[in-house]
Amino acid sequence: MKTEFSLAQLANPDIAEADKILRACVHCGFCTATCPTYVLLGDELDSPRGRIYLIKEMLEKDRPPTAEVVKHIDRCLSCLACMTTCPSGVNYMHLVDQARVRIERDYSRPLPERALRAVLAFVLPRPGLFRASMIMARLGRPFAALLPTPKTASATPTLLRRIKAMLALAPGRLPAPGPVGGSVFPAVGERRGRVALLQGCAQQVLAPRINQAAINLLTRHGIEVVLVKDEQCCGALTHHLGRDGDALARARANVTVWQSEAEQGGLDAILVTASGCGTVIKDYGFMLREDREFAGSAARISALAKDITEYLVGIDLHPSSQQGDVTIAYHSACSLQHGQKITHAPKELLSKNGFVVKDVPESHLCCGSAGTYNILQPDIASRLRDRKIANIATVKPDMIAAGNIGCMVQIAGGTSVPVVHTIELLDWATGGPKPELKGPGPTRPALN
Ligand code: SF4
Ligand code: SF4
């Protein structure tokens with residue numbers, strides 16, 4: 001794609017990066033076929049190619065984004081299916097990240113929307129506040145039914161519709177908090193490795209059992225696990241809201257504490273059980289590339305970050321029981337399959353450890369979770385969830401496995417089939433307890 005940035009514009013490293021990305025696009029349109037919003041809405045401007053044109057125009061003309069541009073960028077899930085499909089290697093992620101920052105900086109959203117986004121950006125990365133808000137949301141859920149439901153799904157939802165979606169996502173109950181930062185879990189038997197485990201923010205409130213399963217499995221296989229003190233939210237939530245000041249501050253804080261842990265105690269890896277977080281941590285090196293103080297250490301931290309399944313394929317797991325009768329529908333989270341290109345490891349681990357693993361049709365399409373997307377774009381998100389659940393139902397699973405808490409909550413909200421994390425199944429297969437089949441979903445009935 002031909003671009004027309006001035007030399008002065010290209011002196012800005014962000015614009016130079018955007019120019020490189022835009023020039024790689026040959027506007028072939030292959031990406032449109034796998035873009036969830038194009039598949040649902042059929043509008044070229046809701047496709048990757050359409051959005052790339054909008055972003056190009058906005059950056060080249062160096063003018064504030066229009067309401068039309070914001071509408072179509074806001075509808076993008078950042079699922080990155082387009083990056084998997086693109087034959088030219090267009091880095092859409094870095095382009096849309098930049099567009100979101102520009103929108104946040106230069107576009108004045110209506111006051112209620114600004115307020116909602118500010119609340120989400122402030123509450124979600126803080127587990128204490130998030131826990132309190134979930135308790136309040138649970139109390140408010142009975143009133144959600146009183147809020148009006150639009151007759152037809154809207155791609156530009158009202159504030160009330162968004163509040164209703166937020167209340168609907170609140171879980172029926174909250175588990176007790178898990179272990180805190182600063183805890184060290186020694187290896188059982190001879191120590192074969194030492195890792196940090198990302199504590200996460202929403203996940204540690206909604207489903208601390210996920211990291212508990214990871215700790216159990218790792219220590220049982222000779223890996224010492226540390227929950228690093230003063231670690232923060234990875235910044236993914238605010239990064240995707242275009243609030244880069246917040247996201248970069250969190251990235252720097254994490255790089256500092258992880259680097260210090262690596263120097264003092266040694267770390268083979270920083271393991272992540274929420275793939276949405278993993279994708280962003282692996283991008284810290286890029287995000288901080290212009291920061292002289294942090295560029296080198298951020299790149300080293302990104303290289304150390306691994307999805308837990310990526311790490312486990314290098315370990316000889318010891319299955320202690322056979323679950324040959326348990327059929328698992330494996331939901332491939334977008335951040336794992338498109339963001340990190342991890343497609344085989346989770347399925348291979350599950351099958352090797354005794355589960356019958358089924359691929360879900362249309363597995364490349366997002367479930368609609370996408371960070372705060374299911375709150376900010378509830379109607380598109382619901383349509384994607386329903387489509388995902390219908391596809392999952394075709395393989396008649398006993399359980400659904402996923403590697404990202406956002407997907408787990410989203411899918412569990414629309415099915416009675418238990419949704420568990422891949423690591424919970426692997427822990428079970430190697431001597432841990434059977435996964436608790438309640439939560440993190442908001443409405444799922446208890447099973448068994
Ligand atoms: S597939 Fe790649 S090169 Fe083709 S239009 Fe989409 S982003 Fe551009
Ligand atoms: S990130 Fe997903 S929703 Fe956004 S343009 Fe790409 S495929 Fe479409």
# chains A, B, ... in the order shown; residues from 1 in each chain; ligands from 1
>>> residues_near_ligand(ligand="ligand 1", cutoff="7 Å", atoms="only C-alpha atoms and all ligand atoms", output="mmCIF file with C-alpha atoms, in the first residue's frame")
data_model
loop_
_atom_site.group_PDB
_atom_site.id
_atom_site.type_symbol
_atom_site.label_atom_id
_atom_site.label_comp_id
_atom_site.auth_asym_id
_atom_site.auth_seq_id
_atom_site.Cartn_x
_atom_site.Cartn_y
_atom_site.Cartn_z
ATOM 1 C CA ALA A 24 3.284 -4.334 3.775
ATOM 2 C CA CYS A 25 -0.454 -4.466 3.059
ATOM 3 C CA VAL A 26 -1.243 -5.327 -0.558
ATOM 4 C CA HIS A 27 -4.999 -4.892 0.013
ATOM 5 C CA CYS A 28 -5.725 -8.411 -1.164
ATOM 6 C CA GLY A 29 -8.623 -8.744 1.284
ATOM 7 C CA PHE A 30 -7.849 -12.335 2.349
ATOM 8 C CA CYS A 31 -8.147 -11.183 5.955
ATOM 9 C CA THR A 32 -11.789 -10.197 5.582
ATOM 10 C CA PRO A 48 -9.190 -5.497 8.766
ATOM 11 C CA ARG A 49 -8.617 -4.006 5.312
ATOM 12 C CA CYS A 82 -6.381 -11.175 10.433
ATOM 13 C CA THR A 85 -4.599 -15.069 7.662
ATOM 14 C CA CYS A 86 -2.535 -12.284 6.109
ATOM 15 C CA PRO A 87 -0.045 -13.619 3.533
ATOM 16 C CA SER A 88 2.005 -10.402 3.662
ATOM 17 C CA GLY A 89 2.808 -10.408 7.371
ATOM 18 C CA VAL A 90 0.957 -7.152 8.132
ATOM 19 C CA TYR A 92 -2.228 -5.279 12.405
#
>>> residues_near_ligand(ligand="ligand 2", cutoff="6 Å", atoms="only C-alpha atoms and all ligand atoms", output="JSON, numbers by chain")
{"A": [35, 36, 37, 47, 48, 76, 77, 78, 79, 80, 81, 82]}
>>> write_last_selection(atoms="all heavy atoms", output="tab-separated table (two decimals), in the first residue's frame")
chain	number	residue	atom	x	y	z
A	35	CYS	N	-12.28	-12.38	9.62
A	35	CYS	CA	-12.51	-11.32	10.62
A	35	CYS	C	-13.92	-11.47	11.20
A	35	CYS	O	-14.91	-11.39	10.45
A	35	CYS	CB	-12.35	-9.94	9.97
A	35	CYS	SG	-12.87	-8.60	11.06
A	36	PRO	N	-14.05	-11.67	12.51
A	36	PRO	CA	-15.37	-11.91	13.08
A	36	PRO	C	-16.37	-10.77	12.82
A	36	PRO	O	-17.55	-11.02	12.57
A	36	PRO	CB	-15.10	-12.03	14.58
A	36	PRO	CG	-13.65	-12.26	14.72
A	36	PRO	CD	-12.98	-11.71	13.50
A	37	THR	N	-15.90	-9.53	12.89
A	37	THR	CA	-16.86	-8.44	12.71
A	37	THR	C	-17.31	-8.32	11.25
A	37	THR	O	-18.46	-7.99	10.97
A	37	THR	CB	-16.29	-7.08	13.20
A	37	THR	OG1	-15.02	-6.86	12.58
A	37	THR	CG2	-16.13	-7.08	14.70
A	47	SER	N	-13.93	-4.59	8.54
A	47	SER	CA	-12.96	-5.65	8.20
A	47	SER	C	-11.56	-5.11	8.47
A	47	SER	O	-11.37	-3.90	8.59
A	47	SER	CB	-13.08	-6.01	6.71
A	47	SER	OG	-12.42	-5.03	5.93
A	48	PRO	N	-10.56	-5.98	8.55
A	48	PRO	CA	-9.19	-5.50	8.77
A	48	PRO	C	-8.75	-4.52	7.67
A	48	PRO	O	-8.19	-3.46	7.96
A	48	PRO	CB	-8.35	-6.78	8.73
A	48	PRO	CG	-9.32	-7.90	8.93
A	48	PRO	CD	-10.65	-7.44	8.45
A	76	CYS	N	-13.50	-3.42	16.54
A	76	CYS	CA	-12.45	-4.43	16.36
A	76	CYS	C	-12.17	-5.11	17.69
A	76	CYS	O	-11.99	-4.46	18.71
A	76	CYS	CB	-11.18	-3.75	15.83
A	76	CYS	SG	-9.75	-4.85	15.84
A	77	LEU	N	-12.12	-6.44	17.67
A	77	LEU	CA	-11.89	-7.20	18.90
A	77	LEU	C	-10.42	-7.32	19.29
A	77	LEU	O	-10.10	-7.84	20.35
A	77	LEU	CB	-12.44	-8.63	18.72
A	77	LEU	CG	-13.94	-8.77	18.54
A	77	LEU	CD1	-14.25	-9.63	17.32
A	77	LEU	CD2	-14.61	-9.34	19.77
A	78	SER	N	-9.53	-6.88	18.39
A	78	SER	CA	-8.08	-7.17	18.57
A	78	SER	C	-7.87	-8.67	18.74
A	78	SER	O	-7.02	-9.12	19.50
A	78	SER	CB	-7.48	-6.40	19.76
A	78	SER	OG	-7.22	-5.07	19.38
A	79	CYS	N	-8.66	-9.45	18.01
A	79	CYS	CA	-8.53	-10.92	18.10
A	79	CYS	C	-7.33	-11.41	17.30
A	79	CYS	O	-6.82	-12.50	17.52
A	79	CYS	CB	-9.80	-11.59	17.60
A	79	CYS	SG	-10.06	-11.43	15.82
A	80	LEU	N	-6.90	-10.61	16.32
A	80	LEU	CA	-5.71	-10.88	15.50
A	80	LEU	C	-5.85	-12.06	14.54
A	80	LEU	O	-4.85	-12.58	14.04
A	80	LEU	CB	-4.45	-11.03	16.38
A	80	LEU	CG	-4.24	-9.91	17.42
A	80	LEU	CD1	-2.97	-10.15	18.21
A	80	LEU	CD2	-4.19	-8.54	16.75
A	81	ALA	N	-7.11	-12.49	14.29
A	81	ALA	CA	-7.32	-13.53	13.27
A	81	ALA	C	-6.78	-13.04	11.94
A	81	ALA	O	-6.26	-13.83	11.13
A	81	ALA	CB	-8.80	-13.85	13.15
A	82	CYS	N	-6.87	-11.72	11.70
A	82	CYS	CA	-6.38	-11.17	10.43
A	82	CYS	C	-4.88	-11.38	10.28
A	82	CYS	O	-4.38	-11.58	9.17
A	82	CYS	CB	-6.75	-9.70	10.32
A	82	CYS	SG	-6.40	-8.72	11.79
>>> residues_around(residues="A:Glu224", least_positions_apart="4", cutoff="12 Å", atoms="only C-alpha atoms", output="PyMOL selection string")
chain A and resi 183-197+214-220+265-271
>>> residues_around(residues="stretch 51-67 of chain A", least_positions_apart="2", cutoff="8 Å", atoms="only C-alpha atoms", output="list of chain:residue names")
A:Thr3, A:Glu4, A:Phe5, A:Ile15, A:Leu22, A:Leu45, A:Asp46, A:Ser47, A:Pro48, A:Arg49, A:Val69, A:Val70, A:Lys71, A:His72, A:Ile73, A:Tyr92, A:Leu95, A:Val96, A:Ala99, A:Arg102, A:Ile103, A:Asp106, A:Tyr107
>>> write_last_selection(atoms="N, CA, C and O atoms", output="short mmCIF file (atom, residue, chain, number, x, y, z; two decimals), in the first residue's frame")
data_model
loop_
_atom_site.label_atom_id
_atom_site.label_comp_id
_atom_site.auth_asym_id
_atom_site.auth_seq_id
_atom_site.Cartn_x
_atom_site.Cartn_y
_atom_site.Cartn_z
N THR A 3 2.02 4.89 0.79
CA THR A 3 1.73 5.84 1.88
C THR A 3 2.31 7.21 1.53
O THR A 3 3.21 7.31 0.69
N GLU A 4 1.78 8.24 2.20
CA GLU A 4 2.25 9.60 1.88
C GLU A 4 2.57 10.38 3.15
O GLU A 4 2.08 11.50 3.34
N PHE A 5 3.34 9.79 4.00
CA PHE A 5 3.75 10.52 5.20
C PHE A 5 4.87 11.50 4.83
O PHE A 5 5.72 11.20 3.97
N ILE A 15 5.07 6.68 13.86
CA ILE A 15 4.60 6.85 12.48
C ILE A 15 5.48 6.02 11.53
O ILE A 15 5.00 5.40 10.59
N LEU A 22 1.83 -0.38 7.05
CA LEU A 22 0.89 -0.06 5.97
C LEU A 22 1.46 -0.46 4.61
O LEU A 22 0.74 -0.97 3.74
N LEU A 45 -15.84 -1.61 6.20
CA LEU A 45 -15.17 -0.80 7.23
C LEU A 45 -15.06 -1.54 8.57
O LEU A 45 -14.39 -1.10 9.49
N ASP A 46 -15.77 -2.66 8.70
CA ASP A 46 -15.62 -3.52 9.88
C ASP A 46 -14.76 -4.73 9.55
O ASP A 46 -14.86 -5.77 10.20
N SER A 47 -13.93 -4.59 8.54
CA SER A 47 -12.96 -5.65 8.20
C SER A 47 -11.56 -5.11 8.47
O SER A 47 -11.37 -3.90 8.59
N PRO A 48 -10.56 -5.98 8.55
CA PRO A 48 -9.19 -5.50 8.77
C PRO A 48 -8.75 -4.52 7.67
O PRO A 48 -8.19 -3.46 7.96
N ARG A 49 -9.05 -4.87 6.41
CA ARG A 49 -8.62 -4.01 5.31
C ARG A 49 -9.27 -2.62 5.42
O ARG A 49 -8.62 -1.59 5.24
N VAL A 69 -14.67 6.78 12.25
CA VAL A 69 -13.43 6.00 12.45
C VAL A 69 -13.47 5.31 13.81
O VAL A 69 -13.19 4.11 13.94
N VAL A 70 -13.86 6.06 14.83
CA VAL A 70 -13.88 5.51 16.19
C VAL A 70 -14.85 4.33 16.26
O VAL A 70 -14.54 3.29 16.85
N LYS A 71 -16.00 4.47 15.62
CA LYS A 71 -17.00 3.38 15.65
C LYS A 71 -16.41 2.07 15.11
O LYS A 71 -16.54 1.02 15.74
N HIS A 72 -15.72 2.17 13.99
CA HIS A 72 -15.22 0.92 13.38
C HIS A 72 -13.98 0.37 14.10
O HIS A 72 -13.80 -0.84 14.16
N ILE A 73 -13.16 1.25 14.64
CA ILE A 73 -12.01 0.75 15.41
C ILE A 73 -12.51 0.14 16.73
O ILE A 73 -12.02 -0.90 17.17
N TYR A 92 -1.02 -6.06 12.09
CA TYR A 92 -2.23 -5.28 12.41
C TYR A 92 -2.27 -4.91 13.88
O TYR A 92 -2.76 -3.85 14.25
N LEU A 95 -0.57 -1.74 14.60
CA LEU A 95 -1.26 -0.63 13.94
C LEU A 95 -2.52 -0.23 14.72
O LEU A 95 -2.75 0.94 15.00
N VAL A 96 -3.32 -1.22 15.09
CA VAL A 96 -4.57 -0.88 15.79
C VAL A 96 -4.27 -0.40 17.21
O VAL A 96 -4.99 0.45 17.74
N ALA A 99 -3.67 3.14 16.78
CA ALA A 99 -4.92 3.86 16.49
C ALA A 99 -5.71 4.09 17.78
O ALA A 99 -6.30 5.16 17.99
N ARG A 102 -4.25 6.93 19.69
CA ARG A 102 -4.58 8.19 19.02
C ARG A 102 -6.03 8.60 19.34
O ARG A 102 -6.31 9.75 19.62
N ILE A 103 -6.93 7.62 19.30
CA ILE A 103 -8.34 7.90 19.60
C ILE A 103 -8.49 8.38 21.04
O ILE A 103 -9.18 9.36 21.33
N ASP A 106 -7.05 11.99 21.13
CA ASP A 106 -7.58 13.10 20.32
C ASP A 106 -9.09 13.12 20.16
O ASP A 106 -9.63 14.04 19.54
N TYR A 107 -9.78 12.09 20.62
CA TYR A 107 -11.22 12.05 20.37
C TYR A 107 -11.97 12.21 21.69
O TYR A 107 -11.63 11.58 22.68
#
>>> select_by_dssp(residues="stretch 229-301 of chain A", states="strand (DSSP E or B)", output="list in words")
Ala269, Ile270, Leu271 and Val272 of chain A
>>> write_last_selection(atoms="N, CA, C and O atoms", output="mmCIF file, in the first residue's frame")
data_model
loop_
_atom_site.group_PDB
_atom_site.id
_atom_site.type_symbol
_atom_site.label_atom_id
_atom_site.label_comp_id
_atom_site.auth_asym_id
_atom_site.auth_seq_id
_atom_site.Cartn_x
_atom_site.Cartn_y
_atom_site.Cartn_z
ATOM 1 N N ALA A 269 11.661 -19.092 33.437
ATOM 2 C CA ALA A 269 10.570 -18.543 32.621
ATOM 3 C C ALA A 269 9.626 -17.749 33.513
ATOM 4 O O ALA A 269 9.622 -17.912 34.736
ATOM 5 N N ILE A 270 8.868 -16.869 32.873
ATOM 6 C CA ILE A 270 7.741 -16.222 33.555
ATOM 7 C C ILE A 270 6.498 -16.844 32.927
ATOM 8 O O ILE A 270 6.238 -16.637 31.726
ATOM 9 N N LEU A 271 5.789 -17.634 33.699
ATOM 10 C CA LEU A 271 4.672 -18.393 33.131
ATOM 11 C C LEU A 271 3.362 -17.634 33.291
ATOM 12 O O LEU A 271 3.109 -16.972 34.298
ATOM 13 N N VAL A 272 2.521 -17.784 32.270
ATOM 14 C CA VAL A 272 1.263 -17.058 32.234
ATOM 15 C C VAL A 272 0.139 -18.054 31.965
ATOM 16 O O VAL A 272 0.240 -18.882 31.049
#
